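Shown here: final-v1.cif, mmCIF, C-alpha atoms.
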```
data_input
loop_
_atom_site.group_PDB
_atom_site.id
_atom_site.type_symbol
_atom_site.label_atom_id
_atom_site.label_comp_id
_atom_site.auth_asym_id
_atom_site.auth_seq_id
_atom_site.Cartn_x
_atom_site.Cartn_y
_atom_site.Cartn_z
ATOM 1 C CA GLU F 255 28.081 -35.708 26.216
ATOM 2 C CA ALA F 256 26.513 -32.435 25.123
ATOM 3 C CA GLY F 257 26.214 -29.764 27.787
ATOM 4 C CA VAL F 258 23.307 -27.549 28.730
ATOM 5 C CA ALA F 259 22.324 -25.356 25.795
ATOM 6 C CA GLN F 260 20.829 -21.895 26.141
ATOM 7 C CA SER F 261 19.683 -19.294 23.665
ATOM 8 C CA PRO F 262 19.976 -16.501 22.956
ATOM 9 C CA ARG F 263 23.360 -15.688 24.475
ATOM 10 C CA TYR F 264 22.652 -11.961 24.589
ATOM 11 C CA LYS F 265 19.473 -9.892 24.490
ATOM 12 C CA ILE F 266 18.882 -6.159 24.712
ATOM 13 C CA ILE F 267 15.323 -4.881 25.146
ATOM 14 C CA GLU F 268 13.494 -1.775 26.251
ATOM 15 C CA LYS F 269 11.699 -1.748 29.588
ATOM 16 C CA ARG F 270 8.107 -2.987 29.408
ATOM 17 C CA GLN F 271 8.956 -5.256 26.491
ATOM 18 C CA SER F 272 8.757 -9.050 26.676
ATOM 19 C CA VAL F 273 11.574 -11.554 26.366
ATOM 20 C CA ALA F 274 11.920 -15.334 26.407
ATOM 21 C CA PHE F 275 14.877 -17.583 27.065
ATOM 22 C CA TRP F 276 15.251 -21.198 26.033
ATOM 23 C CA CYS F 277 17.118 -24.045 27.717
ATOM 24 C CA ASN F 278 17.871 -27.597 26.634
ATOM 25 C CA PRO F 279 19.285 -29.631 29.557
ATOM 26 C CA ILE F 280 21.647 -32.563 29.408
ATOM 27 C CA SER F 281 19.858 -35.624 28.104
ATOM 28 C CA GLY F 282 18.399 -37.711 30.897
ATOM 29 C CA HIS F 283 18.613 -35.014 33.560
ATOM 30 C CA ALA F 284 15.267 -34.903 35.310
ATOM 31 C CA THR F 285 15.855 -31.742 37.302
ATOM 32 C CA LEU F 286 16.126 -28.335 35.673
ATOM 33 C CA TYR F 287 16.834 -25.004 37.325
ATOM 34 C CA TRP F 288 16.641 -21.371 36.253
ATOM 35 C CA TYR F 289 18.855 -18.885 38.066
ATOM 36 C CA GLN F 290 19.202 -15.125 37.923
ATOM 37 C CA GLN F 291 22.696 -13.729 38.439
ATOM 38 C CA ILE F 292 22.886 -9.984 38.920
ATOM 39 C CA LEU F 293 26.305 -8.395 38.481
ATOM 40 C CA GLY F 294 28.415 -8.863 41.610
ATOM 41 C CA GLN F 295 26.070 -11.433 43.117
ATOM 42 C CA GLY F 296 25.895 -15.196 43.168
ATOM 43 C CA PRO F 297 23.260 -17.090 41.183
ATOM 44 C CA LYS F 298 19.807 -16.933 42.758
ATOM 45 C CA LEU F 299 17.350 -19.754 42.119
ATOM 46 C CA LEU F 300 14.171 -18.642 40.352
ATOM 47 C CA ILE F 301 12.482 -21.955 39.686
ATOM 48 C CA GLN F 302 13.203 -25.682 39.895
ATOM 49 C CA PHE F 303 11.493 -28.375 37.826
ATOM 50 C CA GLN F 304 11.464 -32.109 38.460
ATOM 51 C CA ASN F 305 10.559 -33.574 35.061
ATOM 52 C CA ASN F 306 7.759 -31.214 34.018
ATOM 53 C CA GLY F 307 6.494 -30.406 37.509
ATOM 54 C CA VAL F 308 7.471 -27.355 39.548
ATOM 55 C CA VAL F 309 9.347 -28.205 42.755
ATOM 56 C CA ASP F 310 10.187 -24.696 43.946
ATOM 57 C CA ASP F 311 9.190 -21.327 42.512
ATOM 58 C CA SER F 312 9.216 -19.373 45.757
ATOM 59 C CA GLN F 313 11.725 -16.808 44.411
ATOM 60 C CA LEU F 314 10.055 -16.310 41.031
ATOM 61 C CA PRO F 315 8.376 -12.882 40.657
ATOM 62 C CA LYS F 316 5.181 -14.400 39.341
ATOM 63 C CA ASP F 317 3.609 -11.091 38.360
ATOM 64 C CA ARG F 318 6.092 -10.809 35.499
ATOM 65 C CA PHE F 319 8.066 -14.033 35.235
ATOM 66 C CA SER F 320 6.785 -17.368 34.003
ATOM 67 C CA ALA F 321 8.459 -20.637 33.132
ATOM 68 C CA GLU F 322 7.424 -23.933 31.678
ATOM 69 C CA ARG F 323 9.016 -27.257 30.931
ATOM 70 C CA LEU F 324 7.052 -29.092 28.323
ATOM 71 C CA LYS F 325 7.420 -32.872 28.129
ATOM 72 C CA GLY F 326 10.026 -32.753 30.884
ATOM 73 C CA VAL F 327 12.850 -31.727 28.563
ATOM 74 C CA ASP F 328 13.282 -28.195 27.173
ATOM 75 C CA SER F 329 12.277 -25.189 29.192
ATOM 76 C CA THR F 330 11.463 -21.553 28.538
ATOM 77 C CA LEU F 331 11.618 -18.620 30.923
ATOM 78 C CA LYS F 332 9.623 -15.512 30.041
ATOM 79 C CA ILE F 333 9.616 -11.983 31.398
ATOM 80 C CA GLN F 334 6.626 -9.790 30.619
ATOM 81 C CA PRO F 335 6.929 -6.846 31.048
ATOM 82 C CA ALA F 336 10.634 -6.360 31.727
ATOM 83 C CA LYS F 337 11.952 -3.849 34.241
ATOM 84 C CA LEU F 338 15.362 -2.217 34.455
ATOM 85 C CA GLU F 339 16.237 -4.363 37.503
ATOM 86 C CA ASP F 340 15.782 -7.528 35.441
ATOM 87 C CA SER F 341 19.129 -6.848 33.763
ATOM 88 C CA ALA F 342 21.166 -9.923 34.680
ATOM 89 C CA VAL F 343 22.539 -13.199 33.385
ATOM 90 C CA TYR F 344 19.922 -15.941 33.328
ATOM 91 C CA LEU F 345 21.457 -19.353 33.885
ATOM 92 C CA CYS F 346 19.889 -22.702 33.244
ATOM 93 C CA ALA F 347 21.221 -25.794 34.983
ATOM 94 C CA SER F 348 20.321 -29.456 35.146
ATOM 95 C CA SER F 349 21.175 -32.344 37.433
ATOM 96 C CA LEU F 350 20.843 -36.107 37.293
ATOM 97 C CA VAL F 351 20.915 -37.306 40.856
ATOM 98 C CA LEU F 352 22.462 -34.922 43.358
ATOM 99 C CA ALA F 353 21.068 -31.394 43.419
ATOM 100 C CA PHE F 354 24.433 -29.870 44.210
ATOM 101 C CA GLU F 355 26.185 -31.383 41.203
ATOM 102 C CA GLN F 356 24.460 -29.140 38.745
ATOM 103 C CA PHE F 357 25.604 -28.564 35.197
ATOM 104 C CA PHE F 358 25.168 -25.021 34.010
ATOM 105 C CA GLY F 359 24.653 -23.594 30.567
ATOM 106 C CA PRO F 360 26.559 -20.499 29.386
ATOM 107 C CA GLY F 361 23.705 -18.192 30.324
ATOM 108 C CA THR F 362 21.778 -15.430 28.582
ATOM 109 C CA ARG F 363 22.886 -11.899 29.342
ATOM 110 C CA LEU F 364 19.821 -9.635 29.402
ATOM 111 C CA THR F 365 20.127 -5.862 29.270
ATOM 112 C CA VAL F 366 16.960 -3.833 29.864
ATOM 113 C CA LEU F 367 17.211 -0.196 28.745
ATOM 114 C CA ASP H 100 19.537 -12.471 54.719
ATOM 115 C CA GLN H 101 22.736 -13.907 53.287
ATOM 116 C CA GLN H 102 23.173 -17.481 54.444
ATOM 117 C CA VAL H 103 26.457 -18.007 52.587
ATOM 118 C CA LYS H 104 29.016 -15.221 52.765
ATOM 119 C CA GLN H 105 32.209 -14.642 50.849
ATOM 120 C CA ASN H 106 33.675 -11.492 52.301
ATOM 121 C CA SER H 107 36.605 -11.120 49.904
ATOM 122 C CA PRO H 108 35.456 -9.897 46.482
ATOM 123 C CA SER H 109 38.890 -10.544 45.005
ATOM 124 C CA LEU H 110 42.211 -12.203 45.729
ATOM 125 C CA SER H 111 45.567 -12.051 43.941
ATOM 126 C CA VAL H 112 48.098 -14.854 44.327
ATOM 127 C CA GLN H 113 51.466 -15.505 42.740
ATOM 128 C CA GLU H 114 51.650 -18.470 40.395
ATOM 129 C CA GLY H 115 52.948 -21.537 42.227
ATOM 130 C CA ARG H 116 51.811 -20.291 45.642
ATOM 131 C CA ILE H 117 48.808 -21.398 47.654
ATOM 132 C CA SER H 118 45.431 -19.753 47.069
ATOM 133 C CA ILE H 119 43.044 -19.763 50.027
ATOM 134 C CA LEU H 120 39.434 -18.760 49.478
ATOM 135 C CA ASN H 121 37.195 -18.349 52.502
ATOM 136 C CA CYS H 122 33.496 -18.732 53.118
ATOM 137 C CA ASP H 123 31.200 -18.388 56.135
ATOM 138 C CA TYR H 124 27.672 -19.640 56.571
ATOM 139 C CA THR H 125 24.891 -19.042 59.051
ATOM 140 C CA ASN H 126 22.553 -22.017 58.712
ATOM 141 C CA SER H 127 23.707 -24.981 60.809
ATOM 142 C CA MET H 128 21.271 -27.255 58.927
ATOM 143 C CA PHE H 129 23.378 -27.260 55.749
ATOM 144 C CA ASP H 130 24.666 -30.763 55.103
ATOM 145 C CA TYR H 131 26.756 -30.239 51.966
ATOM 146 C CA PHE H 132 29.121 -27.453 51.040
ATOM 147 C CA LEU H 133 30.342 -26.854 47.543
ATOM 148 C CA TRP H 134 32.683 -24.809 45.453
ATOM 149 C CA TYR H 135 31.884 -23.811 41.902
ATOM 150 C CA LYS H 136 34.277 -22.134 39.481
ATOM 151 C CA LYS H 137 33.210 -19.676 36.795
ATOM 152 C CA TYR H 138 35.081 -18.324 33.791
ATOM 153 C CA PRO H 139 33.816 -15.216 31.944
ATOM 154 C CA ALA H 140 30.924 -15.865 29.542
ATOM 155 C CA GLU H 141 30.531 -19.414 30.836
ATOM 156 C CA GLY H 142 28.262 -20.994 33.399
ATOM 157 C CA PRO H 143 29.629 -22.114 36.774
ATOM 158 C CA THR H 144 31.176 -25.574 36.914
ATOM 159 C CA PHE H 145 31.140 -27.833 39.942
ATOM 160 C CA LEU H 146 34.596 -28.106 41.498
ATOM 161 C CA ILE H 147 34.516 -29.924 44.822
ATOM 162 C CA SER H 148 32.153 -30.698 47.675
ATOM 163 C CA ILE H 149 32.317 -31.693 51.316
ATOM 164 C CA SER H 150 29.778 -33.352 53.546
ATOM 165 C CA SER H 151 29.046 -31.734 56.883
ATOM 166 C CA ILE H 152 30.225 -34.895 58.632
ATOM 167 C CA LYS H 153 33.753 -34.451 57.290
ATOM 168 C CA ASP H 154 36.346 -31.793 57.929
ATOM 169 C CA LYS H 155 38.472 -32.212 54.808
ATOM 170 C CA ASN H 156 38.094 -33.329 51.224
ATOM 171 C CA GLU H 157 40.916 -33.393 48.718
ATOM 172 C CA ASP H 158 40.872 -33.648 44.935
ATOM 173 C CA GLY H 159 44.203 -33.144 43.252
ATOM 174 C CA ARG H 160 45.359 -29.560 43.781
ATOM 175 C CA PHE H 161 42.075 -28.632 45.472
ATOM 176 C CA THR H 162 41.298 -29.192 49.140
ATOM 177 C CA VAL H 163 38.248 -27.990 51.020
ATOM 178 C CA PHE H 164 38.344 -27.645 54.803
ATOM 179 C CA LEU H 165 35.238 -27.406 56.968
ATOM 180 C CA ASN H 166 35.124 -25.999 60.499
ATOM 181 C CA LYS H 167 31.570 -26.584 61.695
ATOM 182 C CA SER H 168 32.007 -24.954 65.073
ATOM 183 C CA ALA H 169 33.081 -21.732 63.355
ATOM 184 C CA LYS H 170 30.625 -22.187 60.463
ATOM 185 C CA HIS H 171 33.538 -21.637 58.126
ATOM 186 C CA LEU H 172 34.969 -23.393 55.108
ATOM 187 C CA SER H 173 37.926 -22.708 52.888
ATOM 188 C CA LEU H 174 39.216 -23.835 49.526
ATOM 189 C CA HIS H 175 42.954 -24.341 49.128
ATOM 190 C CA ILE H 176 44.545 -24.499 45.691
ATOM 191 C CA VAL H 177 48.139 -25.725 45.651
ATOM 192 C CA PRO H 178 50.048 -24.886 43.560
ATOM 193 C CA SER H 179 48.109 -22.066 41.914
ATOM 194 C CA GLN H 180 48.182 -22.040 38.127
ATOM 195 C CA PRO H 181 47.225 -19.357 35.569
ATOM 196 C CA GLY H 182 44.140 -21.369 34.560
ATOM 197 C CA ASP H 183 42.844 -21.048 38.107
ATOM 198 C CA SER H 184 42.059 -17.377 37.490
ATOM 199 C CA ALA H 185 38.271 -17.318 37.733
ATOM 200 C CA VAL H 186 35.403 -16.456 40.044
ATOM 201 C CA TYR H 187 34.876 -19.020 42.805
ATOM 202 C CA PHE H 188 31.458 -19.443 44.366
ATOM 203 C CA CYS H 189 30.975 -21.030 47.727
ATOM 204 C CA ALA H 190 27.582 -22.709 48.073
ATOM 205 C CA ALA H 191 25.599 -24.819 50.497
ATOM 206 C CA SER H 192 22.815 -27.344 50.313
ATOM 207 C CA TYR H 193 20.336 -28.834 52.781
ATOM 208 C CA ARG H 194 18.898 -32.337 52.273
ATOM 209 C CA ASP H 195 20.155 -32.319 48.682
ATOM 210 C CA ASP H 196 17.710 -29.545 47.960
ATOM 211 C CA LYS H 197 18.460 -26.288 46.218
ATOM 212 C CA ILE H 198 21.879 -24.659 46.347
ATOM 213 C CA ILE H 199 22.432 -21.305 47.996
ATOM 214 C CA PHE H 200 25.378 -19.435 46.524
ATOM 215 C CA GLY H 201 27.657 -16.803 47.983
ATOM 216 C CA LYS H 202 28.561 -13.680 46.011
ATOM 217 C CA GLY H 203 31.821 -15.107 44.745
ATOM 218 C CA THR H 204 35.531 -14.288 45.008
ATOM 219 C CA ARG H 205 37.511 -13.337 41.916
ATOM 220 C CA LEU H 206 40.902 -15.061 41.982
ATOM 221 C CA HIS H 207 43.766 -13.582 39.972
ATOM 222 C CA ILE H 208 46.854 -15.709 39.520
ATOM 223 C CA LEU H 209 49.827 -13.456 38.873
ATOM 224 C CA PRO H 210 52.748 -14.594 36.697
#
```

As structure tokens:
Amino acid sequence: EAGVAQSPRYKIIEKRQSVAFWCNPISGHATLYWYQQILGQGPKLLIQFQNNGVVDDSQLPKDRFSAERLKGVDSTLKIQPAKLEDSAVYLCASSLVLAFEQFFGPGTRLTVL
Amino acid sequence: DQQVKQNSPSLSVQEGRISILNCDYTNSMFDYFLWYKKYPAEGPTFLISISSIKDKNEDGRFTVFLNKSAKHLSLHIVPSQPGDSAVYFCAASYRDDKIIFGKGTRLHILP
């Protein structure tokens, strides 16, 4: 069974630039999550999708972050414009049944200069 | 407001000995507690869970203990092996909703 795929693995941008991350969850997993993990912290949920509908985006800074999940499969997370404090690892995860048994991708490490 | 707290940023344990990782929580409504393990450059992987109605769950070398009155849980690894060196995240869930993670504890297994 293929795991959660994410790309790119690393990205370096200047502040005020835009960036997008892509996630392909495990086949058949209806729920998809995007997390932000700042160095020294645990993952923090940004947004949760159930199929292609948003379940929870209460922690998503909507003035600069957006996410979509077209056709209930792949998802993209965008930051526009980026700030220095957005430097973090962005993790995508998916789950089949139980929310706490999530399968994580390797993450995208974003550095904003 | 940190609902899940891991107060030890790091822990070093001799190979073959017991590793004990601790976690405290504040929200009494949590009904599942979890441990995730993370290697560098990889995403976290689910390790073990415990329901709030239990006080112990065991899976091979890994045992999680829950003390609800103290709002405390711990992960025991016996015996510790070199491959156990990783960051361990304690997490909690309410009504199978989103997971709230602690900051993690880096475990070093010494030869």

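Here atom CA of Ile292 of chain F is placed at a distance of 28.4 Å from atom CA of Ser150 of chain H.
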
Exercise for the section: Could you please select, counting all atoms listed in the file, the residues of chain H within 9 Å of chain F and state them as JSON, numbers by chain? Expected result: {"H": [108, 131, 132, 133, 140, 141, 142, 143, 144, 145, 148, 188, 189, 190, 191, 192, 195, 196, 197, 198, 199, 200, 201, 202, 203]}

With C-alpha atoms kept, could you save the residues just selected as a tab-separated table (two decimals), in the frame of the given file?
```
chain	number	residue	atom	x	y	z
H	108	PRO	CA	35.46	-9.90	46.48
H	131	TYR	CA	26.76	-30.24	51.97
H	132	PHE	CA	29.12	-27.45	51.04
H	133	LEU	CA	30.34	-26.85	47.54
H	140	ALA	CA	30.92	-15.86	29.54
H	141	GLU	CA	30.53	-19.41	30.84
H	142	GLY	CA	28.26	-20.99	33.40
H	143	PRO	CA	29.63	-22.11	36.77
H	144	THR	CA	31.18	-25.57	36.91
H	145	PHE	CA	31.14	-27.83	39.94
H	148	SER	CA	32.15	-30.70	47.68
H	188	PHE	CA	31.46	-19.44	44.37
H	189	CYS	CA	30.98	-21.03	47.73
H	190	ALA	CA	27.58	-22.71	48.07
H	191	ALA	CA	25.60	-24.82	50.50
H	192	SER	CA	22.82	-27.34	50.31
H	195	ASP	CA	20.16	-32.32	48.68
H	196	ASP	CA	17.71	-29.54	47.96
H	197	LYS	CA	18.46	-26.29	46.22
H	198	ILE	CA	21.88	-24.66	46.35
H	199	ILE	CA	22.43	-21.30	48.00
H	200	PHE	CA	25.38	-19.43	46.52
H	201	GLY	CA	27.66	-16.80	47.98
H	202	LYS	CA	28.56	-13.68	46.01
H	203	GLY	CA	31.82	-15.11	44.74
```

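Going from atom CA of Pro279 of chain F to atom CA of Phe319 of chain F covers 20.0 Å.
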
Problem - Selection near Thr285 of chain F, 6 Å with only C-alpha atoms, sequence-local residues under 4 positions removed, as a list in words - result: Phe303, Gln304, Ser348 and Ser349 of chain F

Exercise for the section: Might you spell out which residues the PyMOL selection byres ((chain H and resi 111) around 10) would select in the displayed file, as a PyMOL selection string? Expected result: chain H and resi 109-110+112-114+118+184+205-209

Evaluated on this file, the PyMOL selection byres ((chain H and resi 106) around 8) picks out some residues - which ones are they, written as a compact mmCIF listing (two decimals) with C-alpha atoms, in the coordinates of the input?
```
# COMPACT_ATOMS: atom_id res chain seq x y z
CA LYS H 104 29.02 -15.22 52.76
CA GLN H 105 32.21 -14.64 50.85
CA SER H 107 36.60 -11.12 49.90
CA PRO H 108 35.46 -9.90 46.48
CA ASN H 121 37.20 -18.35 52.50
CA CYS H 122 33.50 -18.73 53.12
```

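You will find atom CA of Ser173 of chain H at 6.6 Å from atom CA of Ile119 of chain H.
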
Practice task
For the structure shown, which residues end up in the PyMOL selection byres ((chain H and resi 124) around 9)? Put them as an MDAnalysis selection string, please?
Solution key: chainID H and resid 101:105 122:123 125:127 129 169:172 191

Completion exercise
Using only C-alpha atoms, the residue out of F:Ala336, F:Ala342, F:Ile280, F:Leu324 with shortest distance to Glu268 of chain F is F:Ala336

Taking all listed atoms of segment 170-187 of chain H, build the axis-aligned box, pad each of the six sides by 3 Å, then write its centre and edge lengths in Å to one decimal as lines of an AutoDock Vina configuration file.
```
center_x = 40.3
center_y = -21.1
center_z = 47.5
size_x = 25.4
size_y = 15.3
size_z = 31.9
```

Exercise for the section: Quick one: residues within 9 Å of (6.8, -12.3, 36.5) (file frame), counting only C-alpha atoms, please, as a ChimeraX atom specification. Expected result: /F:314-320,332-336

Go ahead and save the residues from that selection, with C-alpha atoms, as a PDB file, keeping the file's coordinate frame.
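Generated file (again_30.pdb):
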```
ATOM      1  CA  LEU F 314      10.055 -16.310  41.031  1.00  0.00           C
ATOM      2  CA  PRO F 315       8.376 -12.882  40.657  1.00  0.00           C
ATOM      3  CA  LYS F 316       5.181 -14.400  39.341  1.00  0.00           C
ATOM      4  CA  ASP F 317       3.609 -11.091  38.360  1.00  0.00           C
ATOM      5  CA  ARG F 318       6.092 -10.809  35.499  1.00  0.00           C
ATOM      6  CA  PHE F 319       8.066 -14.033  35.235  1.00  0.00           C
ATOM      7  CA  SER F 320       6.785 -17.368  34.003  1.00  0.00           C
ATOM      8  CA  LYS F 332       9.623 -15.512  30.041  1.00  0.00           C
ATOM      9  CA  ILE F 333       9.616 -11.983  31.398  1.00  0.00           C
ATOM     10  CA  GLN F 334       6.626  -9.790  30.619  1.00  0.00           C
ATOM     11  CA  PRO F 335       6.929  -6.846  31.048  1.00  0.00           C
ATOM     12  CA  ALA F 336      10.634  -6.360  31.727  1.00  0.00           C
TER      13      ALA F 336
END
```

Problem - Nearby residues (all atoms listed in the file) at most 10 Å from Val366 of chain F, same-chain spacing under 6 positions excluded, as a PyMOL selection string - result: chain F and resi 265-271+336-342

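Nearest residue to Ala321 of chain F among F:Leu364, F:Val273, F:Leu350, F:Ala284 is F:Val273, counting only C-alpha atoms.
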
Mind filling out segment 265-275 of chain F with all heavy atoms and sending it as a PDB file, in the coordinates of the input?
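This went into result24.pdb:
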```pdb
ATOM      1  N   LYS F 265      20.734 -10.507  24.881  1.00  0.00           N
ATOM      2  CA  LYS F 265      19.473  -9.892  24.490  1.00  0.00           C
ATOM      3  C   LYS F 265      19.415  -8.504  25.101  1.00  0.00           C
ATOM      4  O   LYS F 265      19.680  -8.326  26.304  1.00  0.00           O
ATOM      5  CB  LYS F 265      18.302 -10.742  24.994  1.00  0.00           C
ATOM      6  CG  LYS F 265      16.963 -10.335  24.444  1.00  0.00           C
ATOM      7  CD  LYS F 265      16.794 -10.745  22.998  1.00  0.00           C
ATOM      8  CE  LYS F 265      15.411 -10.393  22.496  1.00  0.00           C
ATOM      9  NZ  LYS F 265      15.245 -10.754  21.066  1.00  0.00           N
ATOM     10  N   ILE F 266      19.073  -7.531  24.248  1.00  0.00           N
ATOM     11  CA  ILE F 266      18.882  -6.159  24.712  1.00  0.00           C
ATOM     12  C   ILE F 266      17.457  -5.754  24.373  1.00  0.00           C
ATOM     13  O   ILE F 266      17.033  -5.894  23.214  1.00  0.00           O
ATOM     14  CB  ILE F 266      19.881  -5.191  24.037  1.00  0.00           C
ATOM     15  CG1 ILE F 266      21.311  -5.603  24.347  1.00  0.00           C
ATOM     16  CG2 ILE F 266      19.627  -3.751  24.507  1.00  0.00           C
ATOM     17  CD1 ILE F 266      22.369  -4.793  23.602  1.00  0.00           C
ATOM     18  N   ILE F 267      16.713  -5.301  25.369  1.00  0.00           N
ATOM     19  CA  ILE F 267      15.323  -4.881  25.146  1.00  0.00           C
ATOM     20  C   ILE F 267      15.055  -3.589  25.899  1.00  0.00           C
ATOM     21  O   ILE F 267      15.824  -3.189  26.778  1.00  0.00           O
ATOM     22  CB  ILE F 267      14.312  -5.961  25.596  1.00  0.00           C
ATOM     23  CG1 ILE F 267      14.459  -6.241  27.104  1.00  0.00           C
ATOM     24  CG2 ILE F 267      14.482  -7.233  24.789  1.00  0.00           C
ATOM     25  CD1 ILE F 267      13.381  -7.161  27.653  1.00  0.00           C
ATOM     26  N   GLU F 268      13.947  -2.958  25.537  1.00  0.00           N
ATOM     27  CA  GLU F 268      13.494  -1.775  26.251  1.00  0.00           C
ATOM     28  C   GLU F 268      12.629  -2.229  27.431  1.00  0.00           C
ATOM     29  O   GLU F 268      11.993  -3.295  27.356  1.00  0.00           O
ATOM     30  CB  GLU F 268      12.670  -0.882  25.325  1.00  0.00           C
ATOM     31  CG  GLU F 268      13.393  -0.421  24.069  1.00  0.00           C
ATOM     32  CD  GLU F 268      14.168   0.849  24.302  1.00  0.00           C
ATOM     33  OE1 GLU F 268      13.823   1.582  25.252  1.00  0.00           O
ATOM     34  OE2 GLU F 268      15.130   1.113  23.539  1.00  0.00           O
ATOM     35  N   LYS F 269      12.579  -1.402  28.476  1.00  0.00           N
ATOM     36  CA  LYS F 269      11.699  -1.748  29.588  1.00  0.00           C
ATOM     37  C   LYS F 269      10.249  -1.828  29.090  1.00  0.00           C
ATOM     38  O   LYS F 269       9.882  -1.151  28.133  1.00  0.00           O
ATOM     39  CB  LYS F 269      11.831  -0.738  30.732  1.00  0.00           C
ATOM     40  CG  LYS F 269      11.485   0.675  30.377  1.00  0.00           C
ATOM     41  CD  LYS F 269      11.730   1.593  31.573  1.00  0.00           C
ATOM     42  CE  LYS F 269      11.409   3.034  31.189  1.00  0.00           C
ATOM     43  NZ  LYS F 269      11.726   3.956  32.321  1.00  0.00           N
ATOM     44  N   ARG F 270       9.509  -2.680  29.734  1.00  0.00           N
ATOM     45  CA  ARG F 270       8.107  -2.987  29.408  1.00  0.00           C
ATOM     46  C   ARG F 270       7.951  -3.936  28.224  1.00  0.00           C
ATOM     47  O   ARG F 270       6.843  -4.371  27.938  1.00  0.00           O
ATOM     48  CB  ARG F 270       7.265  -1.722  29.190  1.00  0.00           C
ATOM     49  CG  ARG F 270       7.038  -0.918  30.478  1.00  0.00           C
ATOM     50  CD  ARG F 270       6.052   0.218  30.232  1.00  0.00           C
ATOM     51  NE  ARG F 270       6.643   1.271  29.425  1.00  0.00           N
ATOM     52  CZ  ARG F 270       7.369   2.272  29.928  1.00  0.00           C
ATOM     53  NH1 ARG F 270       7.590   2.354  31.220  1.00  0.00           N
ATOM     54  NH2 ARG F 270       7.861   3.206  29.119  1.00  0.00           N
ATOM     55  N   GLN F 271       9.050  -4.251  27.548  1.00  0.00           N
ATOM     56  CA  GLN F 271       8.956  -5.256  26.491  1.00  0.00           C
ATOM     57  C   GLN F 271       8.984  -6.664  27.098  1.00  0.00           C
ATOM     58  O   GLN F 271       9.231  -6.847  28.293  1.00  0.00           O
ATOM     59  CB  GLN F 271      10.107  -5.102  25.490  1.00  0.00           C
ATOM     60  CG  GLN F 271       9.949  -3.918  24.557  1.00  0.00           C
ATOM     61  CD  GLN F 271      11.022  -3.902  23.479  1.00  0.00           C
ATOM     62  OE1 GLN F 271      12.185  -4.210  23.722  1.00  0.00           O
ATOM     63  NE2 GLN F 271      10.620  -3.539  22.264  1.00  0.00           N
ATOM     64  N   SER F 272       8.742  -7.647  26.252  1.00  0.00           N
ATOM     65  CA  SER F 272       8.757  -9.050  26.676  1.00  0.00           C
ATOM     66  C   SER F 272       9.996  -9.739  26.132  1.00  0.00           C
ATOM     67  O   SER F 272      10.549  -9.329  25.099  1.00  0.00           O
ATOM     68  CB  SER F 272       7.514  -9.772  26.145  1.00  0.00           C
ATOM     69  OG  SER F 272       6.351  -9.146  26.595  1.00  0.00           O
ATOM     70  N   VAL F 273      10.408 -10.799  26.824  1.00  0.00           N
ATOM     71  CA  VAL F 273      11.574 -11.554  26.366  1.00  0.00           C
ATOM     72  C   VAL F 273      11.413 -13.002  26.823  1.00  0.00           C
ATOM     73  O   VAL F 273      10.759 -13.276  27.836  1.00  0.00           O
ATOM     74  CB  VAL F 273      12.881 -10.944  26.919  1.00  0.00           C
ATOM     75  CG1 VAL F 273      12.956 -11.047  28.435  1.00  0.00           C
ATOM     76  CG2 VAL F 273      14.103 -11.573  26.266  1.00  0.00           C
ATOM     77  N   ALA F 274      11.979 -13.913  26.053  1.00  0.00           N
ATOM     78  CA  ALA F 274      11.920 -15.334  26.407  1.00  0.00           C
ATOM     79  C   ALA F 274      13.287 -15.962  26.217  1.00  0.00           C
ATOM     80  O   ALA F 274      14.009 -15.636  25.262  1.00  0.00           O
ATOM     81  CB  ALA F 274      10.886 -16.049  25.542  1.00  0.00           C
ATOM     82  N   PHE F 275      13.616 -16.865  27.120  1.00  0.00           N
ATOM     83  CA  PHE F 275      14.877 -17.583  27.065  1.00  0.00           C
ATOM     84  C   PHE F 275      14.576 -19.071  26.960  1.00  0.00           C
ATOM     85  O   PHE F 275      13.596 -19.561  27.532  1.00  0.00           O
ATOM     86  CB  PHE F 275      15.701 -17.338  28.337  1.00  0.00           C
ATOM     87  CG  PHE F 275      15.810 -15.907  28.753  1.00  0.00           C
ATOM     88  CD1 PHE F 275      15.436 -15.506  30.020  1.00  0.00           C
ATOM     89  CD2 PHE F 275      16.269 -14.951  27.873  1.00  0.00           C
ATOM     90  CE1 PHE F 275      15.530 -14.187  30.414  1.00  0.00           C
ATOM     91  CE2 PHE F 275      16.372 -13.627  28.253  1.00  0.00           C
ATOM     92  CZ  PHE F 275      15.999 -13.242  29.526  1.00  0.00           C
TER      93      PHE F 275
END
```
